[in-house]
$ cat final.cif   # mmCIF, C-alpha atoms
data_run
#
loop_
_atom_site.group_PDB
_atom_site.id
_atom_site.type_symbol
_atom_site.label_atom_id
_atom_site.label_comp_id
_atom_site.auth_asym_id
_atom_site.auth_seq_id
_atom_site.Cartn_x
_atom_site.Cartn_y
_atom_site.Cartn_z
ATOM 1 C CA MET D 1 1.475 -17.678 4.952
ATOM 2 C CA PRO D 2 -0.969 -14.814 4.311
ATOM 3 C CA PHE D 3 -1.750 -12.372 7.102
ATOM 4 C CA CYS D 4 -4.507 -9.893 7.837
ATOM 5 C CA PRO D 5 -3.135 -6.331 7.652
ATOM 6 C CA GLN D 6 -5.601 -5.177 10.330
ATOM 7 C CA CYS D 7 -5.801 -7.863 13.027
ATOM 8 C CA HIS D 8 -2.513 -9.597 12.059
ATOM 9 C CA ALA D 9 -4.088 -13.082 12.075
ATOM 10 C CA GLU D 10 -2.251 -15.761 10.104
ATOM 11 C CA TYR D 11 -4.180 -17.862 7.564
ATOM 12 C CA LYS D 12 -3.656 -20.940 5.406
ATOM 13 C CA ILE D 13 -2.421 -20.352 1.862
ATOM 14 C CA GLU D 14 -5.868 -21.097 0.355
ATOM 15 C CA VAL D 15 -7.536 -18.238 2.253
ATOM 16 C CA SER D 16 -7.585 -14.799 0.621
ATOM 17 C CA MET D 17 -9.777 -12.698 2.957
ATOM 18 C CA CYS D 18 -9.824 -12.216 6.721
ATOM 19 C CA SER D 19 -13.019 -13.700 8.123
ATOM 20 C CA ASP D 20 -13.121 -11.154 10.965
ATOM 21 C CA CYS D 21 -12.051 -7.910 9.258
ATOM 22 C CA GLN D 22 -13.333 -8.638 5.733
ATOM 23 C CA VAL D 23 -10.129 -7.342 4.122
ATOM 24 C CA VAL D 24 -7.823 -8.945 1.575
ATOM 25 C CA LEU D 25 -4.861 -10.707 3.160
ATOM 26 C CA VAL D 26 -1.265 -9.692 2.486
ATOM 27 C CA PRO D 27 1.533 -12.178 1.715
ATOM 28 C CA GLN D 28 3.660 -11.184 4.712
ATOM 29 C CA ARG D 29 3.359 -9.442 8.032
ATOM 30 C CA ILE D 30 3.352 -5.666 7.869
ATOM 31 C CA SER D 31 6.577 -4.199 9.170
ATOM 32 C CA PRO D 32 6.624 -2.573 12.636
ATOM 33 C CA GLU D 33 7.243 0.789 10.915
ATOM 34 C CA VAL D 34 3.755 0.576 9.426
ATOM 35 C CA THR D 35 1.986 -0.227 12.678
ATOM 36 C CA GLU D 36 3.785 2.364 14.827
ATOM 37 C CA TYR D 37 2.076 5.233 13.015
ATOM 38 C CA GLY D 38 -1.492 3.986 13.554
ATOM 39 C CA ASP D 39 -3.908 4.715 10.717
ATOM 40 C CA TRP D 40 -2.594 4.724 7.154
ATOM 41 C CA TYR D 41 -4.334 6.295 4.176
ATOM 42 C CA THR D 42 -4.058 5.811 0.415
ATOM 43 C CA VAL D 43 -2.295 8.828 -1.040
ATOM 44 C CA GLU D 44 -2.115 7.417 -4.588
ATOM 45 C CA SER D 45 -3.241 4.301 -6.461
ATOM 46 C CA VAL D 46 -0.689 2.875 -8.877
ATOM 47 C CA PRO D 47 -0.988 0.801 -12.065
ATOM 48 C CA ASN D 48 2.007 -1.434 -11.319
ATOM 49 C CA GLU D 49 4.696 -2.252 -8.774
ATOM 50 C CA LEU D 50 7.355 -0.129 -10.476
ATOM 51 C CA ALA D 51 5.217 3.027 -10.264
ATOM 52 C CA GLY D 52 4.488 2.208 -6.621
ATOM 53 C CA ASN D 53 8.165 1.789 -5.802
ATOM 54 C CA ILE D 54 8.999 5.097 -7.483
ATOM 55 C CA LEU D 55 6.352 7.025 -5.529
ATOM 56 C CA GLN D 56 7.320 5.253 -2.319
ATOM 57 C CA SER D 57 10.947 6.350 -2.886
ATOM 58 C CA VAL D 58 9.918 9.944 -3.638
ATOM 59 C CA LEU D 59 7.988 10.111 -0.360
ATOM 60 C CA LYS D 60 10.726 8.454 1.689
ATOM 61 C CA GLU D 61 13.294 10.864 0.217
ATOM 62 C CA ASP D 62 11.162 13.676 1.635
ATOM 63 C CA GLY D 63 11.106 11.995 5.066
ATOM 64 C CA ILE D 64 7.553 10.632 4.714
ATOM 65 C CA PRO D 65 7.181 6.952 5.588
ATOM 66 C CA ALA D 66 5.290 5.084 2.868
ATOM 67 C CA TYR D 67 3.983 1.547 2.499
ATOM 68 C CA LEU D 68 3.097 -0.172 -0.771
ATOM 69 C CA ARG D 69 -0.036 -2.365 -0.662
ATOM 70 C CA CYS D 70 -0.751 -4.740 -3.548
ATOM 71 C CA HIS D 71 -4.348 -5.568 -4.551
ATOM 72 C CA GLU D 72 -3.411 -8.972 -5.947
ATOM 73 C CA VAL D 73 -4.354 -12.048 -3.965
ATOM 74 C CA PRO D 74 -1.174 -13.864 -2.898
ATOM 75 C CA TYR D 75 -0.531 -17.282 -4.406
ATOM 76 C CA TYR D 76 -3.273 -16.943 -7.043
ATOM 77 C CA GLY D 77 -1.198 -15.841 -10.009
ATOM 78 C CA GLY D 78 -2.133 -12.186 -10.202
ATOM 79 C CA VAL D 79 -5.850 -12.492 -9.483
ATOM 80 C CA LYS D 80 -7.123 -9.186 -8.124
ATOM 81 C CA GLY D 81 -8.366 -9.264 -4.542
ATOM 82 C CA ASN D 82 -11.095 -6.788 -5.367
ATOM 83 C CA LEU D 83 -12.393 -7.418 -8.867
ATOM 84 C CA GLY D 84 -13.671 -3.846 -9.146
ATOM 85 C CA GLN D 85 -10.110 -2.512 -8.878
ATOM 86 C CA SER D 86 -8.100 -1.878 -12.043
ATOM 87 C CA GLU D 87 -5.019 -0.569 -10.215
ATOM 88 C CA TRP D 88 -2.185 -2.829 -9.115
ATOM 89 C CA GLY D 89 -2.078 -1.326 -5.639
ATOM 90 C CA ASP D 90 -1.876 1.711 -3.374
ATOM 91 C CA VAL D 91 0.794 3.860 -1.783
ATOM 92 C CA LEU D 92 -0.140 4.417 1.858
ATOM 93 C CA VAL D 93 1.106 7.058 4.275
ATOM 94 C CA PRO D 94 0.284 7.799 7.925
ATOM 95 C CA VAL D 95 -2.947 9.781 8.017
ATOM 96 C CA GLU D 96 -1.313 12.633 9.957
ATOM 97 C CA LEU D 97 1.245 13.047 7.128
ATOM 98 C CA LEU D 98 -1.304 12.937 4.304
ATOM 99 C CA PRO D 99 -1.217 16.688 3.478
ATOM 100 C CA GLN D 100 2.602 16.671 3.255
ATOM 101 C CA ALA D 101 2.536 13.485 1.146
ATOM 102 C CA ARG D 102 0.018 14.984 -1.296
ATOM 103 C CA GLU D 103 2.133 18.116 -1.656
ATOM 104 C CA CYS D 104 5.303 16.051 -2.122
ATOM 105 C CA LEU D 105 3.705 13.983 -4.897
ATOM 106 C CA LYS D 106 2.214 17.100 -6.526
ATOM 107 C CA VAL D 107 5.690 18.646 -6.734
ATOM 108 C CA TYR D 108 7.039 15.376 -8.169
ATOM 109 C CA PHE D 109 4.272 15.070 -10.811
ATOM 110 C CA ASP D 110 4.641 18.763 -11.727
ATOM 111 C CA SER D 111 8.380 18.240 -12.253
ATOM 112 C CA LEU D 112 7.612 15.446 -14.728
ATOM 113 C CA GLN D 113 5.413 17.768 -16.790
ATOM 114 C CA ASP D 114 8.180 20.347 -17.016
ATOM 115 C CA ARG D 115 10.388 17.935 -18.949
#
$ encode --input "final.cif" --output "structure tokens"
Amino acid sequence: MPFCPQCHAEYKIEVSMCSDCQVVLVPQRISPEVTEYGDWYTVESVPNELAGNILQSVLKEDGIPAYLRCHEVPYYGGVKGNLGQSEWGDVLVPVELLPQARECLKVYFDSLQDR
């Protein structure tokens, strides 16, 4: 069942947006790790799940909790939740760790250019 990532309400499978928060629903409840930090912020948008998993791993290796949010509407075969979005999803970090996360990803991207 889809859930609202903000108010945590559960919806029927046919519903794709929270009627109260006006946000796209996620396919499963967000883990307690995500909610314990409070506000989360997009540190990087990613073109696909693989890129998201890589960046999430890079951040976690540096001790920065990261959450991967998909823009696709669950149960609708890859339909984008926000039609204006071309990215697959976002890598989110706690807002208080945003500067460290940006620096961590900058170092990672710079290391790729050196190869």
$ closest_residue --input "final.cif" --among "D:Asp39, D:Leu68, D:Gln100, D:Cys4" --to "Gln22 in chain D" --atoms "all atoms listed in the file"
D:Cys4
$ residues_around --input "final.cif" --residues "range 58-65 of chain D" --least-positions-apart "4" --cutoff "7 Å" --atoms "all atoms listed in the file" --output "PyMOL selection string"
chain D and resi 54+93+101+104
$ closest_residue --input "final.cif" --among "D:Met1, D:Ile13, D:Asp90, D:Pro27" --to "Leu50 in chain D" --atoms "all atoms listed in the file"
D:Asp90
$ atom_distance --input "final.cif" --atom1 "CA of His8 in chain D" --atom2 "CA of Glu87 in chain D"
24.2 Å
$ atom_distance --input "final.cif" --atom1 "CA of Glu44 in chain D" --atom2 "CA of Tyr11 in chain D"
28.1 Å
$ atom_distance --input "final.cif" --atom1 "CA of Asp114 in chain D" --atom2 "CA of Val43 in chain D"
22.3 Å
$ closest_residue --input "final.cif" --among "D:Cys7, D:Leu97, D:Val23, D:Val15" --to "Thr42 in chain D" --atoms "all atoms listed in the file"
D:Leu97
